>>> print(open('work.txt').read())   # compact mmCIF, C-alpha atoms and all ligand atoms
# COMPACT_ATOMS: atom_id res chain seq x y z
CA MET A 1 12.74 -5.88 1.48
CA TRP A 2 11.15 -2.49 1.94
CA CYS A 3 13.06 -0.08 4.16
CA SER A 4 10.41 0.73 6.69
CA ARG A 5 9.91 1.58 10.29
CA THR A 6 6.30 0.46 10.17
CA ALA A 7 5.14 -2.85 8.81
CA LEU A 8 1.71 -3.44 7.41
CA GLY A 9 1.20 -5.67 10.43
CA ARG A 10 0.82 -2.54 12.50
CA LEU A 11 -2.27 -1.68 10.52
CA ARG A 12 -5.59 -3.27 11.31
CA ARG A 13 -6.86 -5.78 8.75
CA ILE A 14 -10.63 -5.69 8.58
CA ALA A 15 -11.36 -7.76 5.49
CA PRO A 16 -9.43 -9.58 2.80
CA CYS A 17 -7.50 -7.06 0.74
CA THR A 18 -8.51 -4.10 2.84
CA VAL A 19 -6.41 -2.21 5.35
CA THR A 20 -7.55 0.81 7.29
CA GLY A 21 -5.63 3.52 9.09
CA PHE A 22 -5.90 3.82 12.86
CA HIS A 23 -7.89 6.97 12.52
CA ARG A 24 -10.84 5.46 10.74
CA ALA A 25 -13.00 5.68 13.84
CA MET A 26 -12.52 9.45 13.97
CA SER A 27 -15.11 10.04 11.30
CA THR A 28 -14.66 13.79 11.02
CA LEU A 29 -11.25 13.34 9.43
CA PRO A 30 -11.04 13.49 5.62
CA LYS A 31 -11.68 10.11 4.07
CA VAL A 32 -9.06 8.68 1.73
CA TYR A 33 -9.00 5.58 -0.45
CA VAL A 34 -5.60 4.08 -1.35
CA THR A 35 -6.10 1.94 -4.44
CA ARG A 36 -3.10 -0.41 -4.03
CA LYS A 37 -0.72 -1.77 -1.46
CA VAL A 38 1.82 1.04 -1.59
CA PRO A 39 5.35 0.89 -0.15
CA PRO A 40 5.53 1.51 3.60
CA ASP A 41 6.98 5.03 3.75
CA GLY A 42 3.83 6.50 2.23
CA LEU A 43 1.61 4.48 4.54
CA ASP A 44 3.59 5.61 7.58
CA ILE A 45 3.13 9.22 6.55
CA LEU A 46 -0.63 8.84 6.15
CA ARG A 47 -1.02 6.93 9.39
CA GLU A 48 1.26 9.08 11.51
CA SER A 49 -0.19 12.34 10.19
CA GLY A 50 -3.39 11.81 12.16
CA GLN A 51 -5.00 13.94 9.46
CA VAL A 52 -6.94 11.34 7.50
CA GLN A 53 -8.94 8.17 7.87
CA PHE A 54 -7.88 5.87 5.09
CA GLU A 55 -8.69 2.52 3.62
CA MET A 56 -6.33 0.64 1.31
CA TRP A 57 -6.73 -2.14 -1.25
CA ASP A 58 -4.08 -4.34 0.35
CA SER A 59 -2.95 -6.26 -2.70
CA ASP A 60 -0.35 -6.22 -5.45
CA GLU A 61 -3.15 -6.79 -7.95
CA PRO A 62 -5.32 -3.87 -9.09
CA VAL A 63 -8.57 -3.29 -7.26
CA PRO A 64 -11.49 -4.47 -9.43
CA ARG A 65 -13.20 -1.51 -11.05
CA VAL A 66 -16.57 -2.28 -9.44
CA GLU A 67 -14.97 -2.34 -6.00
CA LEU A 68 -13.07 0.86 -6.72
CA LEU A 69 -16.21 2.69 -7.78
CA LYS A 70 -17.85 1.60 -4.51
CA LYS A 71 -14.88 2.46 -2.31
CA VAL A 72 -14.30 6.00 -3.57
CA LYS A 73 -17.86 7.07 -2.77
CA GLY A 74 -17.76 10.05 -0.43
CA CYS A 75 -13.94 10.20 -0.37
CA ASP A 76 -12.08 13.49 0.06
CA GLY A 77 -8.91 12.08 -1.42
CA ILE A 78 -7.67 9.19 -3.56
CA LEU A 79 -4.13 7.87 -3.68
CA CYS A 80 -3.78 5.78 -6.82
CA VAL A 81 -1.24 4.11 -9.08
CA LEU A 82 -1.02 4.12 -12.86
CA THR A 83 -3.35 1.17 -13.45
CA GLU A 84 -6.42 3.01 -12.16
CA LYS A 85 -8.33 5.07 -14.71
CA ILE A 86 -9.41 8.23 -12.96
CA ASP A 87 -12.08 9.32 -15.39
CA ALA A 88 -15.50 10.97 -15.40
CA GLN A 89 -17.23 7.76 -14.27
CA LEU A 90 -14.95 7.43 -11.25
CA LEU A 91 -15.21 11.09 -10.31
CA GLU A 92 -18.99 10.84 -10.54
CA ALA A 93 -18.90 7.77 -8.27
CA ALA A 94 -16.68 9.56 -5.77
CA GLY A 95 -19.04 12.49 -5.55
CA PRO A 96 -18.65 16.13 -4.56
CA ASN A 97 -16.37 15.62 -1.52
CA LEU A 98 -13.40 14.65 -3.67
CA LYS A 99 -10.75 17.35 -3.53
CA VAL A 100 -7.46 15.62 -4.27
CA VAL A 101 -6.16 12.81 -6.47
CA SER A 102 -2.57 11.85 -5.79
CA THR A 103 -0.94 9.41 -8.16
CA MET A 104 2.15 7.43 -7.26
CA SER A 105 3.64 7.96 -10.73
CA VAL A 106 5.28 10.60 -12.83
CA GLY A 107 3.05 9.62 -15.77
CA PHE A 108 -0.50 10.92 -15.71
CA ASP A 109 -2.06 9.50 -18.85
CA HIS A 110 -4.40 7.41 -16.64
CA LEU A 111 -5.97 10.61 -15.30
CA SER A 112 -8.64 12.46 -17.21
CA LEU A 113 -7.21 15.92 -16.63
CA ASP A 114 -10.13 17.75 -18.25
CA ASP A 115 -12.64 16.08 -15.93
CA LEU A 116 -10.47 16.71 -12.88
CA LYS A 117 -10.05 20.36 -13.81
CA LYS A 118 -13.78 20.82 -14.46
CA ARG A 119 -14.48 19.60 -10.93
CA GLY A 120 -11.72 21.67 -9.33
CA ILE A 121 -9.92 18.56 -8.10
CA ARG A 122 -6.21 19.03 -7.42
CA VAL A 123 -3.70 16.48 -8.68
CA GLY A 124 -0.39 15.38 -7.18
CA TYR A 125 2.22 13.25 -8.98
CA THR A 126 5.76 12.02 -8.35
CA PRO A 127 8.37 13.53 -10.68
CA ASP A 128 12.07 13.87 -9.75
CA VAL A 129 12.22 11.12 -7.12
CA LEU A 130 12.35 8.46 -9.84
CA THR A 131 14.61 10.24 -12.32
CA ASP A 132 17.87 8.48 -11.38
CA CYS A 133 16.25 5.07 -11.22
CA VAL A 134 14.52 5.42 -14.60
CA ALA A 135 17.65 6.81 -16.25
CA GLU A 136 19.71 3.94 -14.88
CA LEU A 137 17.29 1.34 -16.23
CA THR A 138 17.11 3.10 -19.59
CA VAL A 139 20.89 2.90 -19.94
CA ALA A 140 20.83 -0.75 -18.88
CA LEU A 141 18.15 -1.52 -21.46
CA LEU A 142 19.97 0.41 -24.16
CA LEU A 143 23.18 -1.53 -23.56
CA ALA A 144 21.35 -4.84 -23.24
CA THR A 145 19.64 -4.20 -26.57
CA SER A 146 22.56 -2.79 -28.53
CA ARG A 147 25.04 -5.42 -27.26
CA ARG A 148 22.41 -8.17 -27.54
CA LEU A 149 22.83 -9.34 -23.95
CA ILE A 150 19.50 -11.13 -23.62
CA GLU A 151 20.05 -13.03 -26.86
CA ALA A 152 23.61 -13.83 -25.77
CA THR A 153 22.71 -15.31 -22.38
CA HIS A 154 20.01 -17.36 -24.09
CA GLU A 155 22.55 -18.73 -26.58
CA ALA A 156 25.01 -19.51 -23.79
CA LYS A 157 22.40 -21.38 -21.79
CA THR A 158 20.83 -23.31 -24.65
CA GLY A 159 23.85 -24.70 -26.49
CA GLY A 160 24.18 -22.02 -29.16
CA TRP A 161 27.66 -21.16 -27.88
CA GLY A 162 30.05 -22.90 -30.24
CA THR A 163 33.53 -21.76 -31.04
CA TRP A 164 34.53 -18.08 -30.90
CA ARG A 165 33.25 -16.57 -34.12
CA THR A 166 34.24 -13.29 -35.78
CA SER A 167 30.85 -11.70 -36.18
CA TRP A 168 28.57 -13.78 -33.98
CA LEU A 169 26.37 -11.65 -31.69
CA CYS A 170 27.99 -8.43 -32.84
CA GLY A 171 26.10 -5.34 -31.82
CA HIS A 172 26.48 -1.59 -31.90
CA GLU A 173 28.60 0.54 -29.59
CA LEU A 174 28.00 3.91 -28.02
CA ALA A 175 31.46 5.32 -28.68
CA ASN A 176 31.29 7.98 -31.44
CA SER A 177 27.53 7.61 -31.73
CA THR A 178 24.73 10.15 -31.93
CA VAL A 179 22.06 9.74 -29.28
CA GLY A 180 18.64 11.26 -29.89
CA ILE A 181 16.20 12.08 -27.11
CA LEU A 182 12.54 12.38 -27.97
CA GLY A 183 11.08 14.68 -25.31
CA LEU A 184 13.79 16.40 -23.28
CA GLY A 185 12.97 16.62 -19.58
CA ARG A 186 14.64 15.63 -16.33
CA ILE A 187 14.83 11.97 -17.33
CA GLY A 188 16.31 12.69 -20.77
CA VAL A 189 19.03 14.80 -19.16
CA ALA A 190 19.77 12.09 -16.59
CA ILE A 191 20.06 9.49 -19.36
CA ALA A 192 22.46 11.67 -21.35
CA GLU A 193 24.59 12.36 -18.25
CA ARG A 194 24.98 8.63 -17.75
CA LEU A 195 25.71 7.94 -21.42
CA LYS A 196 28.33 10.67 -21.84
CA PRO A 197 31.18 8.65 -20.25
CA PHE A 198 30.58 6.02 -22.93
CA LYS A 199 32.11 8.56 -25.38
CA VAL A 200 28.92 9.49 -27.18
CA LYS A 201 29.86 11.97 -29.93
CA LYS A 202 26.69 14.04 -29.97
CA PHE A 203 23.35 14.41 -28.18
CA ILE A 204 20.39 15.73 -30.13
CA TYR A 205 16.80 16.17 -29.02
CA THR A 206 13.42 17.11 -30.32
CA ASP A 207 10.38 18.39 -28.48
CA VAL A 208 7.38 20.67 -29.01
CA GLU A 209 9.71 23.56 -28.22
CA GLN A 210 13.39 24.12 -27.51
CA ARG A 211 14.54 23.52 -23.93
CA PRO A 212 17.78 25.53 -23.75
CA GLU A 213 18.32 25.22 -20.00
CA LEU A 214 18.12 21.45 -19.99
CA ALA A 215 19.88 21.11 -23.34
CA ASN A 216 22.85 23.17 -22.11
CA MET A 217 23.36 20.74 -19.24
CA ILE A 218 24.16 17.98 -21.71
CA GLU A 219 25.27 20.08 -24.70
CA ALA A 220 22.39 18.72 -26.74
CA GLU A 221 21.40 20.24 -30.05
CA TYR A 222 17.76 20.86 -30.93
CA VAL A 223 16.75 19.24 -34.22
CA SER A 224 13.50 18.60 -36.06
CA PHE A 225 11.66 15.31 -35.55
CA ASP A 226 12.79 14.11 -39.00
CA ASP A 227 16.43 15.06 -38.39
CA MET A 228 16.38 13.23 -35.10
CA ALA A 229 15.12 10.14 -36.91
CA LYS A 230 17.78 10.44 -39.60
CA GLN A 231 20.76 11.21 -37.36
CA SER A 232 20.25 9.03 -34.27
CA ASP A 233 22.23 5.85 -33.76
CA PHE A 234 20.33 5.43 -30.50
CA LEU A 235 16.93 6.98 -29.94
CA ALA A 236 15.52 7.17 -26.42
CA VAL A 237 11.84 8.04 -26.02
CA CYS A 238 11.30 10.14 -22.90
CA CYS A 239 8.13 12.08 -23.67
CA ALA A 240 4.86 11.90 -21.74
CA LEU A 241 1.92 10.13 -23.39
CA THR A 242 -0.55 12.81 -24.46
CA PRO A 243 -3.02 13.04 -27.35
CA GLU A 244 -0.20 14.75 -29.30
CA THR A 245 2.39 12.02 -28.69
CA HIS A 246 0.04 9.05 -29.06
CA GLY A 247 1.49 6.77 -31.76
CA ILE A 248 4.18 9.32 -32.66
CA CYS A 249 6.75 6.53 -33.10
CA ASN A 250 5.33 4.98 -36.23
CA TRP A 251 6.34 4.05 -39.75
CA ASN A 252 7.02 7.70 -40.54
CA LEU A 253 9.74 7.68 -37.84
CA PHE A 254 11.14 4.17 -38.32
CA SER A 255 11.38 4.51 -42.10
CA LYS A 256 13.69 7.51 -41.70
CA MET A 257 15.97 5.88 -39.13
CA LYS A 258 19.36 4.35 -39.80
CA LYS A 259 19.65 0.60 -40.36
CA ASN A 260 21.96 0.36 -37.35
CA ALA A 261 19.65 2.38 -35.08
CA ILE A 262 18.52 1.17 -31.67
CA PHE A 263 15.12 2.37 -30.44
CA ILE A 264 14.52 2.54 -26.67
CA ASN A 265 11.23 3.33 -24.94
CA THR A 266 10.87 3.71 -21.18
CA SER A 267 8.03 6.26 -21.25
CA ARG A 268 4.66 4.81 -22.27
CA GLY A 269 3.70 2.10 -24.73
CA GLY A 270 1.08 4.35 -26.28
CA VAL A 271 3.66 6.55 -27.97
CA VAL A 272 4.60 3.62 -30.22
CA ASN A 273 2.68 2.07 -33.07
CA GLN A 274 3.65 -1.53 -32.29
CA GLU A 275 2.61 -2.95 -35.68
CA ASP A 276 4.94 -0.47 -37.38
CA LEU A 277 7.70 -1.27 -34.91
CA TYR A 278 7.31 -4.99 -35.55
CA GLU A 279 7.56 -4.36 -39.28
CA ALA A 280 10.64 -2.17 -38.85
CA LEU A 281 12.40 -4.73 -36.66
CA SER A 282 11.46 -7.83 -38.62
CA THR A 283 12.50 -6.35 -41.97
CA GLY A 284 15.81 -4.97 -40.68
CA LEU A 285 14.75 -1.37 -41.19
CA ILE A 286 16.25 -0.67 -37.75
CA ALA A 287 18.66 -2.85 -35.75
CA GLY A 288 16.85 -3.31 -32.46
CA ALA A 289 14.40 -2.08 -29.87
CA GLY A 290 14.36 -2.14 -26.09
CA LEU A 291 10.96 -1.60 -24.53
CA ASP A 292 10.11 -1.23 -20.86
CA VAL A 293 6.56 -0.23 -21.72
CA THR A 294 4.05 -1.68 -24.16
CA THR A 295 0.39 -1.66 -25.12
CA PRO A 296 -1.25 -3.42 -23.43
CA GLU A 297 0.52 -4.19 -20.17
CA PRO A 298 1.21 -6.97 -19.58
CA LEU A 299 1.96 -7.66 -23.23
CA PRO A 300 0.40 -11.07 -24.05
CA THR A 301 3.08 -13.74 -24.30
CA HIS A 302 1.91 -14.63 -27.82
CA HIS A 303 2.50 -11.06 -29.04
CA PRO A 304 4.59 -10.99 -32.28
CA LEU A 305 7.16 -8.64 -30.70
CA PHE A 306 8.16 -11.48 -28.36
CA THR A 307 9.18 -13.58 -31.38
CA LEU A 308 11.87 -11.13 -32.43
CA LYS A 309 15.47 -11.63 -31.31
CA ASN A 310 16.19 -7.95 -31.82
CA CYS A 311 13.48 -6.78 -29.45
CA ALA A 312 14.19 -6.78 -25.69
CA ILE A 313 11.04 -6.39 -23.61
CA LEU A 314 10.90 -5.62 -19.89
CA PRO A 315 7.75 -5.56 -17.74
CA HIS A 316 7.61 -1.81 -16.90
CA ILE A 317 10.33 -1.82 -14.22
CA ALA A 318 12.11 1.49 -14.87
CA SER A 319 11.29 2.92 -11.42
CA ALA A 320 11.51 -0.42 -9.65
CA SER A 321 14.10 0.04 -6.94
CA TYR A 322 13.16 -0.19 -3.27
CA THR A 323 14.48 3.31 -2.60
CA THR A 324 12.61 4.91 -5.47
CA ARG A 325 9.29 3.16 -4.97
CA ASN A 326 9.39 4.15 -1.30
CA ALA A 327 10.21 7.75 -2.23
CA MET A 328 7.33 7.75 -4.72
CA SER A 329 4.88 6.50 -2.10
CA ALA A 330 6.11 9.08 0.43
CA LEU A 331 5.76 11.90 -2.08
CA ALA A 332 2.31 10.70 -3.11
CA ALA A 333 1.24 10.68 0.56
CA ASN A 334 2.68 14.15 1.19
CA ASN A 335 1.00 15.51 -1.94
CA LEU A 336 -2.30 14.10 -0.77
CA LEU A 337 -2.07 15.50 2.74
CA ALA A 338 -0.98 18.96 1.57
CA GLY A 339 -3.81 19.02 -0.95
CA LEU A 340 -6.35 18.06 1.70
CA ARG A 341 -5.05 20.82 3.98
CA GLY A 342 -5.51 23.26 1.12
CA GLU A 343 -1.77 23.95 0.97
CA PRO A 344 0.59 23.84 -2.02
CA MET A 345 1.56 20.26 -2.76
CA PRO A 346 5.25 19.30 -2.93
CA LYS A 347 4.60 18.23 -6.54
CA GLU A 348 1.32 19.37 -8.01
CA LEU A 349 0.32 18.94 -11.61
CA LYS A 350 -0.82 22.24 -13.08
CA LEU A 351 -4.19 21.65 -14.73
O1 LIG B 401 4.86 6.95 -14.48
C1 LIG B 401 5.63 6.36 -13.73
O2 LIG B 401 5.84 6.74 -12.57
C2 LIG B 401 6.37 5.15 -14.21
O3 LIG B 401 5.99 4.75 -15.45
C3 LIG B 401 6.21 4.03 -13.23
O4 LIG B 401 7.20 4.18 -12.39
>>> encode(input="work.txt", output="structure tokens", more="lines below")
Ligand SMILES: O=C(O)[C@H](O)CO
Amino acid sequence: MWCSRTALGRLRRIAPCTVTGFHRAMSTLPKVYVTRKVPPDGLDILRESGQVQFEMWDSDEPVPRVELLKKVKGCDGILCVLTEKIDAQLLEAAGPNLKVVSTMSVGFDHLSLDDLKKRGIRVGYTPDVLTDCVAELTVALLLATSRRLIEATHEAKTGGWGTWRTSWLCGHELANSTVGILGLGRIGVAIAERLKPFKVKKFIYTDVEQRPELANMIEAEYVSFDDMAKQSDFLAVCCALTPETHGICNWNLFSKMKKNAIFINTSRGGVVNQEDLYEALSTGLIAGAGLDVTTPEPLPTHHPLFTLKNCAILPHIASASYTTRNAMSALAANNLLAGLRGEPMPKELKL
């Protein structure tokens, strides 16, 4: 249950899947469209601010594109989630009033930054508030993959559990291992901090440049991309999806990795070439993969990756705790309001 002082019931429902703020009648206030039912803390902030009139797509399903294009017309601000493409077409539909786009996500690959910049539209996002939650899930996924937990519970439930056997369901342990981090930021550091007590021998990282301040926090050594591939027993992908990182985890990477290596991705599916990953997993080139993100999402149930025992797939839940999702919605609302007031946002993306 969401931790909230204000339930959606306190908002006025005017049509299926649409909720408006109390201030809608005061038509001089900036107009905002909220593209998804967001957790209550953010809604409370918008409503109690008295600074905006807002309308929300009151559903857990994405707003249809046609509806979205209609609804953003004339808006001063948009509060969106990662499933909405904020591109030239949408900005054109919104028109010249649009000043702020606030996304309830740390990732921003769904935003066309060039088009936003060209139009002088400011962008808010939600880093930091989800770091602990994402790091926690990444560690859980890494352990579930390396110790084959999903396979093991399946065996136990479906009669595969015979007598105790010497090498049945053996996996790989963290003690004395080398953990590689692809893209060292706040989340990479938080993952390493959580893994350290498991007696990891060495942390290494690679990035477009060295990050000494962050690296010092976890005593991580900077290595080249190839060396990270060659040395890592566990490789955690933590980089943002950009044109530079698109498909960066491909055959070139997997073919250099150790046979016992475990590949973990909780960033974006687009950084991985999934055909190459399938090949690497199915031929034993690497030992296993844990994915919280895929392309597309949802990944169709007939996708070949689902047939592999050594591939654990989660439905993009890294930030899914009640506390974190509420904090993300509150930060997204505060970013939006600050942007509309023309003030610095708590977390603004520099364009
Ligand atoms: O970008 C984000 O915020 C995550 O992927 C979803 O929590």
>>> residues_near_ligand(input="work.txt", ligand="ligand LIG 401 (chain B)", cutoff="12 Å", atoms="only C-alpha atoms and all ligand atoms", output="PyMOL selection string")
chain A and resi 80-83+102-111+124-135+137-138+187+238-241+265-270+292-294+297+315-322+324-329+331-332
>>> write_last_selection(input="work.txt", atoms="C-alpha atoms", output="CSV table (one decimal), keeping the file's coordinate frame")
chain,number,residue,atom,x,y,z
A,80,CYS,CA,-3.8,5.8,-6.8
A,81,VAL,CA,-1.2,4.1,-9.1
A,82,LEU,CA,-1.0,4.1,-12.9
A,83,THR,CA,-3.4,1.2,-13.4
A,102,SER,CA,-2.6,11.8,-5.8
A,103,THR,CA,-0.9,9.4,-8.2
A,104,MET,CA,2.2,7.4,-7.3
A,105,SER,CA,3.6,8.0,-10.7
A,106,VAL,CA,5.3,10.6,-12.8
A,107,GLY,CA,3.0,9.6,-15.8
A,108,PHE,CA,-0.5,10.9,-15.7
A,109,ASP,CA,-2.1,9.5,-18.8
A,110,HIS,CA,-4.4,7.4,-16.6
A,111,LEU,CA,-6.0,10.6,-15.3
A,124,GLY,CA,-0.4,15.4,-7.2
A,125,TYR,CA,2.2,13.2,-9.0
A,126,THR,CA,5.8,12.0,-8.4
A,127,PRO,CA,8.4,13.5,-10.7
A,128,ASP,CA,12.1,13.9,-9.8
A,129,VAL,CA,12.2,11.1,-7.1
A,130,LEU,CA,12.4,8.5,-9.8
A,131,THR,CA,14.6,10.2,-12.3
A,132,ASP,CA,17.9,8.5,-11.4
A,133,CYS,CA,16.2,5.1,-11.2
A,134,VAL,CA,14.5,5.4,-14.6
A,135,ALA,CA,17.6,6.8,-16.2
A,137,LEU,CA,17.3,1.3,-16.2
A,138,THR,CA,17.1,3.1,-19.6
A,187,ILE,CA,14.8,12.0,-17.3
A,238,CYS,CA,11.3,10.1,-22.9
A,239,CYS,CA,8.1,12.1,-23.7
A,240,ALA,CA,4.9,11.9,-21.7
A,241,LEU,CA,1.9,10.1,-23.4
A,265,ASN,CA,11.2,3.3,-24.9
A,266,THR,CA,10.9,3.7,-21.2
A,267,SER,CA,8.0,6.3,-21.2
A,268,ARG,CA,4.7,4.8,-22.3
A,269,GLY,CA,3.7,2.1,-24.7
A,270,GLY,CA,1.1,4.4,-26.3
A,292,ASP,CA,10.1,-1.2,-20.9
A,293,VAL,CA,6.6,-0.2,-21.7
A,294,THR,CA,4.0,-1.7,-24.2
A,297,GLU,CA,0.5,-4.2,-20.2
A,315,PRO,CA,7.8,-5.6,-17.7
A,316,HIS,CA,7.6,-1.8,-16.9
A,317,ILE,CA,10.3,-1.8,-14.2
A,318,ALA,CA,12.1,1.5,-14.9
A,319,SER,CA,11.3,2.9,-11.4
A,320,ALA,CA,11.5,-0.4,-9.6
A,321,SER,CA,14.1,0.0,-6.9
A,322,TYR,CA,13.2,-0.2,-3.3
A,324,THR,CA,12.6,4.9,-5.5
A,325,ARG,CA,9.3,3.2,-5.0
A,326,ASN,CA,9.4,4.2,-1.3
A,327,ALA,CA,10.2,7.8,-2.2
A,328,MET,CA,7.3,7.8,-4.7
A,329,SER,CA,4.9,6.5,-2.1
A,331,LEU,CA,5.8,11.9,-2.1
A,332,ALA,CA,2.3,10.7,-3.1
>>> residues_around(input="work.txt", residues="A:Asp276", least_positions_apart="5", cutoff="12 Å", atoms="all atoms listed in the file", output="PyMOL selection string")
chain A and resi 247-255+271+281-283+285-286+304-305
>>> write_last_selection(input="work.txt", atoms="C-alpha atoms", output="PDB file, in the frame of the given file")
ATOM      1  CA  GLY A 247       1.490   6.770 -31.760  1.00  0.00           C
ATOM      2  CA  ILE A 248       4.180   9.320 -32.660  1.00  0.00           C
ATOM      3  CA  CYS A 249       6.750   6.530 -33.100  1.00  0.00           C
ATOM      4  CA  ASN A 250       5.330   4.980 -36.230  1.00  0.00           C
ATOM      5  CA  TRP A 251       6.340   4.050 -39.750  1.00  0.00           C
ATOM      6  CA  ASN A 252       7.020   7.700 -40.540  1.00  0.00           C
ATOM      7  CA  LEU A 253       9.740   7.680 -37.840  1.00  0.00           C
ATOM      8  CA  PHE A 254      11.140   4.170 -38.320  1.00  0.00           C
ATOM      9  CA  SER A 255      11.380   4.510 -42.100  1.00  0.00           C
ATOM     10  CA  VAL A 271       3.660   6.550 -27.970  1.00  0.00           C
ATOM     11  CA  LEU A 281      12.400  -4.730 -36.660  1.00  0.00           C
ATOM     12  CA  SER A 282      11.460  -7.830 -38.620  1.00  0.00           C
ATOM     13  CA  THR A 283      12.500  -6.350 -41.970  1.00  0.00           C
ATOM     14  CA  LEU A 285      14.750  -1.370 -41.190  1.00  0.00           C
ATOM     15  CA  ILE A 286      16.250  -0.670 -37.750  1.00  0.00           C
ATOM     16  CA  PRO A 304       4.590 -10.990 -32.280  1.00  0.00           C
ATOM     17  CA  LEU A 305       7.160  -8.640 -30.700  1.00  0.00           C
TER      18      LEU A 305
END
>>> residues_around(input="work.txt", residues="A:Phe306", least_positions_apart="5", cutoff="12 Å", atoms="all atoms listed in the file", output="JSON, numbers by chain")
{"A": [274, 278, 281, 282, 289, 290, 291, 294, 299, 300, 301, 311, 312, 313, 314]}
>>> atom_distance(input="work.txt", atom1="atom CA of A:Asn310", atom2="atom CA of A:Leu235")
15.1 Å
>>> closest_residue(input="work.txt", among="A:Asn260, A:Thr28, A:Asn97, A:Thr178", to="A:Gly77", atoms="only C-alpha atoms")
A:Asn97
>>> atom_distance(input="work.txt", atom1="atom CA of A:Lys230", atom2="atom CA of A:Val179")
11.2 Å
>>> atom_distance(input="work.txt", atom1="atom CA of A:Val200", atom2="atom CA of A:Asn176")
5.1 Å
>>> closest_residue(input="work.txt", among="A:Met228, A:Leu98, A:Val272, A:Leu277", to="A:Thr295", atoms="all atoms listed in the file")
A:Val272
>>> closest_residue(input="work.txt", among="A:Val208, A:Thr242, A:Glu136, A:Val100", to="A:Arg119", atoms="all atoms listed in the file")
A:Val100
>>> closest_residue(input="work.txt", among="A:Leu182, A:Val34, A:Leu43, A:Ala236", to="A:Glu84", atoms="only C-alpha atoms")
A:Val34
>>> residues_around(input="work.txt", residues="A:Asp227", least_positions_apart="2", cutoff="10 Å", atoms="only C-alpha atoms", output="ChimeraX atom specification")
/A:180,204-206,222-225,229-232,253,256-257
>>> residues_around(input="work.txt", residues="A:Ile218", least_positions_apart="6", cutoff="12 Å", atoms="all atoms listed in the file", output="ChimeraX atom specification")
/A:179-181,184-197,200-205,211-212
>>> residues_around(input="work.txt", residues="A:Asp60", least_positions_apart="6", cutoff="9 Å", atoms="all atoms listed in the file", output="PyMOL selection string")
chain A and resi 36-38
